[in-house]
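Undergrad: This one is my_file16.cif, mmCIF, C-alpha atoms.
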data_protein
#
loop_
_atom_site.label_atom_id
_atom_site.label_comp_id
_atom_site.auth_asym_id
_atom_site.auth_seq_id
_atom_site.Cartn_x
_atom_site.Cartn_y
_atom_site.Cartn_z
CA MET A 1 1.60 6.57 -2.28
CA LEU A 2 1.30 4.55 -5.46
CA PRO A 3 -0.31 6.17 -8.53
CA MET A 4 -1.83 3.73 -10.99
CA ALA A 5 -2.47 5.36 -14.38
CA GLN A 6 -4.77 4.12 -17.07
CA ASN A 7 -5.10 6.64 -19.92
CA ASN A 8 -6.43 9.82 -18.24
CA PHE A 9 -7.62 8.00 -15.13
CA ILE A 10 -5.30 7.88 -12.13
CA VAL A 11 -5.98 6.11 -8.86
CA TYR A 12 -3.92 6.89 -5.76
CA LYS A 13 -3.76 4.15 -3.14
CA SER A 14 -2.30 4.95 0.24
CA SER A 15 -2.83 4.64 3.95
CA ALA A 16 -4.17 7.30 6.29
CA GLY A 17 -1.87 10.24 6.95
CA SER A 18 0.30 9.65 3.89
CA GLY A 19 -0.52 12.90 2.11
CA LYS A 20 -3.41 11.94 -0.17
CA THR A 21 -5.14 15.30 0.16
CA PHE A 22 -1.93 17.20 -0.58
CA THR A 23 -1.35 15.03 -3.65
CA LEU A 24 -4.94 15.46 -4.86
CA VAL A 25 -4.77 19.25 -4.42
CA LYS A 26 -1.46 19.36 -6.32
CA GLU A 27 -2.85 17.20 -9.15
CA TYR A 28 -6.04 19.29 -9.32
CA LEU A 29 -3.98 22.49 -9.55
CA LYS A 30 -1.71 21.03 -12.22
CA ILE A 31 -4.76 20.35 -14.41
CA ALA A 32 -6.37 23.72 -13.64
CA LEU A 33 -3.16 25.71 -14.24
CA ALA A 34 -1.65 23.75 -17.15
CA ASP A 35 -3.03 25.69 -20.14
CA LYS A 36 -2.44 29.44 -19.82
CA HIS A 37 -4.93 30.07 -22.66
CA ASN A 38 -7.71 28.13 -20.92
CA LEU A 39 -7.40 29.18 -17.27
CA ALA A 40 -10.96 30.42 -16.81
CA LYS A 41 -12.40 27.17 -18.18
CA ALA A 42 -9.98 24.39 -17.18
CA TYR A 43 -11.16 23.97 -13.59
CA LYS A 44 -14.78 23.81 -14.85
CA GLY A 45 -13.89 20.61 -16.71
CA ILE A 46 -12.47 18.86 -13.65
CA LEU A 47 -14.74 16.52 -11.73
CA ALA A 48 -13.49 15.67 -8.26
CA ILE A 49 -15.64 13.36 -6.16
CA THR A 50 -15.16 12.05 -2.66
CA PHE A 51 -17.15 10.11 -0.08
CA THR A 52 -18.39 12.76 2.36
CA ASN A 53 -19.57 16.36 2.32
CA LYS A 54 -16.89 17.12 4.91
CA ALA A 55 -14.14 15.76 2.63
CA ALA A 56 -15.53 17.69 -0.36
CA SER A 57 -15.63 20.93 1.64
CA GLU A 58 -12.10 20.36 2.90
CA MET A 59 -10.85 19.70 -0.63
CA LYS A 60 -12.45 22.94 -1.91
CA TRP A 61 -10.98 24.88 1.01
CA ARG A 62 -7.51 23.42 0.45
CA ILE A 63 -7.55 24.19 -3.28
CA ILE A 64 -8.61 27.80 -2.69
CA LYS A 65 -6.04 28.12 0.09
CA ALA A 66 -3.31 26.71 -2.18
CA LEU A 67 -4.26 29.08 -5.03
CA LYS A 68 -4.14 32.01 -2.61
CA GLU A 69 -0.75 30.91 -1.24
CA ILE A 70 0.67 30.50 -4.75
CA SER A 71 -0.74 33.92 -5.72
CA LEU A 72 0.81 35.55 -2.64
CA GLU A 73 4.03 33.49 -2.94
CA THR A 74 3.67 32.12 0.60
CA ASN A 75 3.95 28.41 -0.24
CA ASP A 76 7.28 27.97 -1.98
CA MET A 77 7.27 24.17 -1.71
CA LEU A 78 3.94 23.74 -3.53
CA SER A 79 4.77 26.48 -6.04
CA SER A 80 8.11 24.87 -6.82
CA LEU A 81 6.59 21.40 -7.23
CA ILE A 82 3.80 22.52 -9.56
CA ALA A 83 6.00 24.89 -11.58
CA LYS A 84 8.57 22.14 -12.08
CA GLU A 85 5.96 19.53 -13.05
CA LEU A 86 4.29 21.96 -15.49
CA GLY A 87 7.64 23.18 -16.83
CA ILE A 88 6.87 26.86 -16.18
CA SER A 89 8.39 29.61 -14.05
CA LYS A 90 7.08 30.37 -10.57
CA GLU A 91 6.17 33.87 -11.81
CA ASP A 92 4.02 32.39 -14.59
CA LEU A 93 2.46 29.98 -12.07
CA LYS A 94 1.67 32.89 -9.74
CA ALA A 95 -0.08 34.81 -12.54
CA ARG A 96 -2.08 31.73 -13.55
CA ALA A 97 -3.08 31.01 -9.94
CA GLU A 98 -4.39 34.58 -9.58
CA VAL A 99 -6.59 34.18 -12.66
CA VAL A 100 -7.97 30.79 -11.59
CA LEU A 101 -8.57 31.90 -7.99
CA THR A 102 -10.46 35.00 -9.14
CA ASP A 103 -12.55 32.98 -11.58
CA ILE A 104 -13.41 30.30 -9.00
CA LEU A 105 -14.48 32.94 -6.50
CA HIS A 106 -16.67 34.67 -9.10
CA ASN A 107 -18.13 31.39 -10.45
CA TYR A 108 -18.14 29.22 -7.35
CA SER A 109 -21.00 27.01 -8.58
CA ASP A 110 -18.72 25.81 -11.41
CA PHE A 111 -16.13 24.60 -8.86
CA SER A 112 -17.22 20.96 -9.01
CA ILE A 113 -16.02 19.00 -6.02
CA GLY A 114 -18.74 16.88 -4.48
CA THR A 115 -19.73 13.52 -3.15
CA ILE A 116 -20.29 10.28 -5.01
CA ASP A 117 -23.97 10.27 -4.03
CA SER A 118 -24.56 13.87 -5.22
CA PHE A 119 -22.84 13.05 -8.52
CA THR A 120 -24.96 9.92 -8.97
CA HIS A 121 -28.10 11.89 -8.09
CA ARG A 122 -27.27 14.50 -10.77
CA ILE A 123 -26.84 11.77 -13.39
CA ILE A 124 -30.08 10.03 -12.42
CA ARG A 125 -31.98 13.35 -12.41
CA THR A 126 -30.59 14.12 -15.89
CA PHE A 127 -31.88 10.79 -17.23
CA ALA A 128 -35.05 10.57 -15.11
CA LEU A 129 -37.35 10.37 -18.14
CA ASP A 130 -35.19 7.69 -19.80
CA LEU A 131 -35.25 5.72 -16.54
CA LYS A 132 -39.03 6.16 -16.34
CA LEU A 133 -38.76 8.04 -13.04
CA PRO A 134 -40.93 10.99 -12.12
CA ILE A 135 -39.12 14.28 -12.78
CA ASN A 136 -39.65 15.37 -9.18
CA PHE A 137 -38.47 12.07 -7.61
CA GLN A 138 -37.07 12.25 -4.09
CA ILE A 139 -34.14 10.42 -2.55
CA GLU A 140 -35.10 8.65 0.67
CA THR A 141 -32.50 9.20 3.37
CA ASP A 142 -34.46 7.59 6.21
CA SER A 143 -33.00 4.07 6.13
CA ASP A 144 -35.66 2.73 8.54
CA ALA A 145 -38.42 3.85 6.17
CA VAL A 146 -36.62 2.26 3.22
CA PHE A 147 -36.16 -1.03 5.11
CA LYS A 148 -39.86 -1.09 6.07
CA LYS A 149 -40.91 -0.55 2.43
CA VAL A 150 -38.52 -3.23 1.16
CA ILE A 151 -39.57 -5.75 3.81
CA SER A 152 -43.25 -5.02 3.17
CA THR A 153 -42.77 -5.57 -0.58
CA LEU A 154 -40.81 -8.74 0.10
CA ILE A 155 -43.48 -10.18 2.41
CA ASN A 156 -46.22 -9.27 -0.07
CA ASN A 157 -44.40 -11.31 -2.73
CA LEU A 158 -43.96 -14.42 -0.57
CA GLY A 159 -45.68 -17.34 -2.22
CA LYS A 160 -46.19 -15.32 -5.42
CA ASP A 161 -42.55 -15.19 -6.49
CA LYS A 162 -40.82 -18.58 -6.26
CA LEU A 163 -37.29 -17.11 -6.28
CA ILE A 164 -38.00 -14.72 -3.39
CA THR A 165 -39.79 -17.43 -1.45
CA ASP A 166 -36.88 -19.88 -1.92
CA TYR A 167 -34.31 -17.27 -0.84
CA LEU A 168 -36.25 -16.39 2.30
CA VAL A 169 -36.70 -20.04 3.23
CA GLN A 170 -32.94 -20.64 2.72
CA PHE A 171 -32.14 -17.55 4.79
CA SER A 172 -34.45 -18.63 7.60
CA MET A 173 -32.94 -22.14 7.63
CA ALA A 174 -29.39 -20.73 7.74
CA GLN A 175 -30.39 -18.49 10.65
CA ILE A 176 -31.83 -21.47 12.57
CA GLU A 177 -28.69 -23.52 11.91
CA ASP A 178 -26.57 -20.67 13.32
CA ASN A 179 -28.78 -20.54 16.42
CA LYS A 180 -30.09 -17.12 15.41
CA ASN A 181 -33.65 -15.85 15.24
CA TRP A 182 -35.25 -17.20 12.04
CA ASP A 183 -37.24 -14.01 11.36
#
Could you render the structure from this file as structure tokens?
TA:
Amino acid sequence: MLPMAQNNFIVYKSSAGSGKTFTLVKEYLKIALADKHNLAKAYKGILAITFTNKAASEMKWRIIKALKEISLETNDMLSSLIAKELGISKEDLKARAEVVLTDILHNYSDFSIGTIDSFTHRIIRTFALDLKLPINFQIETDSDAVFKKVISTLINNLGKDKLITDYLVQFSMAQIEDNKNWD
């Protein structure tokens, strides 16, 4: 696994089964447990985003499981790694993990691990007025309905918008040349 750092932004590139989730959990915990004077707030300032709801749920579960194991001293390998990387004793790490675990369980809505699309949706909703969107806008998840609306708008603009008309003619010609259906 190759970390690529750029200021406070780190990207991990690796293949399947190489321990990405373990590494991400360890890195998350290092940030959440680093400052003993800020334990109840540190995890609230961490944004972790992934591609699917399943991956986000798994990440939350693994972080809580790891905090519990560190608190109960049942995961010596992870405790040793984090304690060494933070430069603290395992006893201090255990105490910190107990505080963070308790706070996460009492303030679960502040435990921000989600999907890219939910994060984007939150940003767009925050700036809906600036983007001239209705405050109660809805996200369309029915791709067939979206395609029908887009195609309908496209067809309605044929002949009115030269750029769209030219692109569609070029597309149709390319389809015919490839012995595919032009429409």
Undergrad: May I ask for the distance between CA of Ile116 (chain A) and CA of Ser18 (chain A), given in Å to one decimal place?
TA: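 Taking CA of Ile116 (chain A) and CA of Ser18 (chain A), their separation equals 22.4 Å.
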Undergrad: So how far away is CA of Met59 (chain A) from CA of Arg122 (chain A), in Å?
TA: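 It comes out at 20.0 Å.
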Undergrad: Translate the PyMOL selection byres ((chain A and resi 45) around 12) into a concrete residue list for this structure, as a PDB file with C-alpha atoms, in the frame of the given file.
TA:
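Listing of expr10.pdb after writing:
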ATOM      1  CA  TYR A  28      -6.040  19.290  -9.320  1.00  0.00           C
ATOM      2  CA  ILE A  31      -4.760  20.350 -14.410  1.00  0.00           C
ATOM      3  CA  ALA A  32      -6.370  23.720 -13.640  1.00  0.00           C
ATOM      4  CA  ASN A  38      -7.710  28.130 -20.920  1.00  0.00           C
ATOM      5  CA  LEU A  39      -7.400  29.180 -17.270  1.00  0.00           C
ATOM      6  CA  ALA A  40     -10.960  30.420 -16.810  1.00  0.00           C
ATOM      7  CA  LYS A  41     -12.400  27.170 -18.180  1.00  0.00           C
ATOM      8  CA  ALA A  42      -9.980  24.390 -17.180  1.00  0.00           C
ATOM      9  CA  TYR A  43     -11.160  23.970 -13.590  1.00  0.00           C
ATOM     10  CA  LYS A  44     -14.780  23.810 -14.850  1.00  0.00           C
ATOM     11  CA  ILE A  46     -12.470  18.860 -13.650  1.00  0.00           C
ATOM     12  CA  LEU A  47     -14.740  16.520 -11.730  1.00  0.00           C
ATOM     13  CA  ALA A  48     -13.490  15.670  -8.260  1.00  0.00           C
ATOM     14  CA  ASP A 110     -18.720  25.810 -11.410  1.00  0.00           C
ATOM     15  CA  PHE A 111     -16.130  24.600  -8.860  1.00  0.00           C
ATOM     16  CA  SER A 112     -17.220  20.960  -9.010  1.00  0.00           C
ATOM     17  CA  ILE A 113     -16.020  19.000  -6.020  1.00  0.00           C
TER      18      ILE A 113
END
Undergrad: Could you tell me, as an NGL selection string, exactly which residues end up selected when the PyMOL selection byres ((chain A and resi 98) around 9) is applied to this structure?
TA: :A and (67-68 or 70-72 or 93-97 or 99-103)
Undergrad: Enclose region 48-63 of chain A, meaning all of its atoms listed in the file, in a box aligned along x, y and z, pad it by 5 Å on each side, and list the centre and edge lengths in Å to one decimal, as lines of an AutoDock Vina configuration file.
TA:
center_x = -13.5
center_y = 17.5
center_z = -1.7
size_x = 22.1
size_y = 24.8
size_z = 23.2
Undergrad: What gap, in Å, lies between CA of Leu133 (chain A) and CA of His121 (chain A)?
TA: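 Rounded to one decimal, the two atoms are 12.4 Å apart.
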Undergrad: Here is a test: counting all atoms listed in the file, which residue of A:Asp76, A:Ile82, A:Phe51, A:Ile164 is nearest to Thr23 (chain A)?
TA: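 Nearest candidate to Thr23 (chain A) out of A:Asp76, A:Ile82, A:Phe51, A:Ile164: A:Ile82.
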Undergrad: Taking into account all atoms listed in the file, which residue in the set A:Lys30, A:Lys36, A:Arg125, A:His106 is nearest to Leu86 (chain A)?
TA: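 Of the candidates, the smallest distance to Leu86 (chain A) is held by A:Lys30.
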Undergrad: Using all atoms listed in the file, which residues sit within 10 Å of Arg62 (chain A) once same-chain residues fewer than 3 positions away are excluded, as a ChimeraX atom specification?
TA: /A:21-22,24-26,56-59,65-68
Undergrad: With C-alpha atoms retained, export the selected residues as a PDB file, in the frame of the given file.
TA:
ATOM      1  CA  THR A  21      -5.140  15.300   0.160  1.00  0.00           C
ATOM      2  CA  PHE A  22      -1.930  17.200  -0.580  1.00  0.00           C
ATOM      3  CA  LEU A  24      -4.940  15.460  -4.860  1.00  0.00           C
ATOM      4  CA  VAL A  25      -4.770  19.250  -4.420  1.00  0.00           C
ATOM      5  CA  LYS A  26      -1.460  19.360  -6.320  1.00  0.00           C
ATOM      6  CA  ALA A  56     -15.530  17.690  -0.360  1.00  0.00           C
ATOM      7  CA  SER A  57     -15.630  20.930   1.640  1.00  0.00           C
ATOM      8  CA  GLU A  58     -12.100  20.360   2.900  1.00  0.00           C
ATOM      9  CA  MET A  59     -10.850  19.700  -0.630  1.00  0.00           C
ATOM     10  CA  LYS A  65      -6.040  28.120   0.090  1.00  0.00           C
ATOM     11  CA  ALA A  66      -3.310  26.710  -2.180  1.00  0.00           C
ATOM     12  CA  LEU A  67      -4.260  29.080  -5.030  1.00  0.00           C
ATOM     13  CA  LYS A  68      -4.140  32.010  -2.610  1.00  0.00           C
TER      14      LYS A  68
END
Undergrad: Here is a test: counting all atoms listed in the file, which residue of A:Lys20, A:Leu105, A:Ile124, A:Ala34 is nearest to Lys84 (chain A)?
TA: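 Selected residue with least distance to Lys84 (chain A): A:Ala34.
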Undergrad: When distances are computed from all atoms listed in the file, which of A:Gln170, A:Thr153, A:Thr141, A:Ser118 shows the smallest separation from Asn53 (chain A)?
TA: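 The closest residue to Asn53 (chain A) is A:Ser118.
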Undergrad: Can you take the partial region 39-72 of chain A, add N, CA and C atoms, and return it as a short mmCIF file (atom, residue, chain, number, x, y, z; two decimals), keeping the file's coordinate frame?
TA:
data_model
loop_
_atom_site.label_atom_id
_atom_site.label_comp_id
_atom_site.auth_asym_id
_atom_site.auth_seq_id
_atom_site.Cartn_x
_atom_site.Cartn_y
_atom_site.Cartn_z
N LEU A 39 -7.37 29.14 -18.74
CA LEU A 39 -7.40 29.18 -17.27
C LEU A 39 -8.80 29.34 -16.70
N ALA A 40 -9.62 30.16 -17.34
CA ALA A 40 -10.96 30.42 -16.81
C ALA A 40 -11.92 29.26 -17.05
N LYS A 41 -11.51 28.30 -17.87
CA LYS A 41 -12.40 27.17 -18.18
C LYS A 41 -11.86 25.83 -17.67
N ALA A 42 -10.57 25.70 -17.49
CA ALA A 42 -9.98 24.39 -17.18
C ALA A 42 -10.56 23.77 -15.92
N TYR A 43 -10.66 24.54 -14.85
CA TYR A 43 -11.16 23.97 -13.59
C TYR A 43 -12.63 23.55 -13.72
N LYS A 44 -13.37 24.16 -14.65
CA LYS A 44 -14.78 23.81 -14.85
C LYS A 44 -14.92 22.43 -15.48
N GLY A 45 -13.87 21.93 -16.08
CA GLY A 45 -13.89 20.61 -16.71
C GLY A 45 -13.33 19.51 -15.82
N ILE A 46 -13.01 19.85 -14.59
CA ILE A 46 -12.47 18.86 -13.65
C ILE A 46 -13.59 18.40 -12.74
N LEU A 47 -13.77 17.09 -12.65
CA LEU A 47 -14.74 16.52 -11.73
C LEU A 47 -13.96 15.82 -10.63
N ALA A 48 -14.13 16.29 -9.42
CA ALA A 48 -13.49 15.67 -8.26
C ALA A 48 -14.60 15.20 -7.34
N ILE A 49 -14.61 13.90 -7.04
CA ILE A 49 -15.64 13.36 -6.16
C ILE A 49 -14.99 12.62 -5.00
N THR A 50 -15.66 12.69 -3.87
CA THR A 50 -15.16 12.05 -2.66
C THR A 50 -16.34 11.41 -1.94
N PHE A 51 -16.10 10.86 -0.77
CA PHE A 51 -17.15 10.11 -0.08
C PHE A 51 -18.08 10.98 0.76
N THR A 52 -17.56 12.01 1.42
CA THR A 52 -18.39 12.76 2.36
C THR A 52 -18.42 14.25 2.02
N ASN A 53 -19.47 14.92 2.50
CA ASN A 53 -19.57 16.36 2.32
C ASN A 53 -18.41 17.07 3.02
N LYS A 54 -18.01 16.54 4.16
CA LYS A 54 -16.89 17.12 4.91
C LYS A 54 -15.61 17.06 4.08
N ALA A 55 -15.35 15.92 3.46
CA ALA A 55 -14.14 15.76 2.63
C ALA A 55 -14.20 16.67 1.40
N ALA A 56 -15.38 16.81 0.80
CA ALA A 56 -15.53 17.69 -0.36
C ALA A 56 -15.29 19.15 0.03
N SER A 57 -15.84 19.56 1.15
CA SER A 57 -15.63 20.93 1.64
C SER A 57 -14.16 21.18 1.95
N GLU A 58 -13.52 20.21 2.58
CA GLU A 58 -12.10 20.36 2.90
C GLU A 58 -11.26 20.47 1.63
N MET A 59 -11.60 19.66 0.63
CA MET A 59 -10.85 19.70 -0.63
C MET A 59 -11.02 21.08 -1.29
N LYS A 60 -12.23 21.61 -1.33
CA LYS A 60 -12.45 22.94 -1.91
C LYS A 60 -11.63 23.99 -1.15
N TRP A 61 -11.70 23.91 0.17
CA TRP A 61 -10.98 24.88 1.01
C TRP A 61 -9.48 24.80 0.75
N ARG A 62 -8.95 23.59 0.67
CA ARG A 62 -7.51 23.42 0.45
C ARG A 62 -7.07 23.91 -0.93
N ILE A 63 -7.89 23.71 -1.94
CA ILE A 63 -7.55 24.19 -3.28
C ILE A 63 -7.55 25.71 -3.31
N ILE A 64 -8.56 26.33 -2.74
CA ILE A 64 -8.61 27.80 -2.69
C ILE A 64 -7.45 28.34 -1.87
N LYS A 65 -7.17 27.70 -0.75
CA LYS A 65 -6.04 28.12 0.09
C LYS A 65 -4.72 28.02 -0.69
N ALA A 66 -4.54 26.92 -1.40
CA ALA A 66 -3.31 26.71 -2.18
C ALA A 66 -3.19 27.76 -3.29
N LEU A 67 -4.29 28.05 -3.98
CA LEU A 67 -4.26 29.08 -5.03
C LEU A 67 -3.90 30.44 -4.44
N LYS A 68 -4.45 30.73 -3.27
CA LYS A 68 -4.14 32.01 -2.61
C LYS A 68 -2.66 32.06 -2.21
N GLU A 69 -2.16 30.96 -1.65
CA GLU A 69 -0.75 30.91 -1.24
C GLU A 69 0.18 31.03 -2.45
N ILE A 70 -0.16 30.39 -3.54
CA ILE A 70 0.67 30.50 -4.75
C ILE A 70 0.62 31.93 -5.27
N SER A 71 -0.57 32.54 -5.25
CA SER A 71 -0.74 33.92 -5.72
C SER A 71 0.06 34.91 -4.88
N LEU A 72 0.11 34.66 -3.56
CA LEU A 72 0.81 35.55 -2.64
C LEU A 72 2.26 35.13 -2.41
#
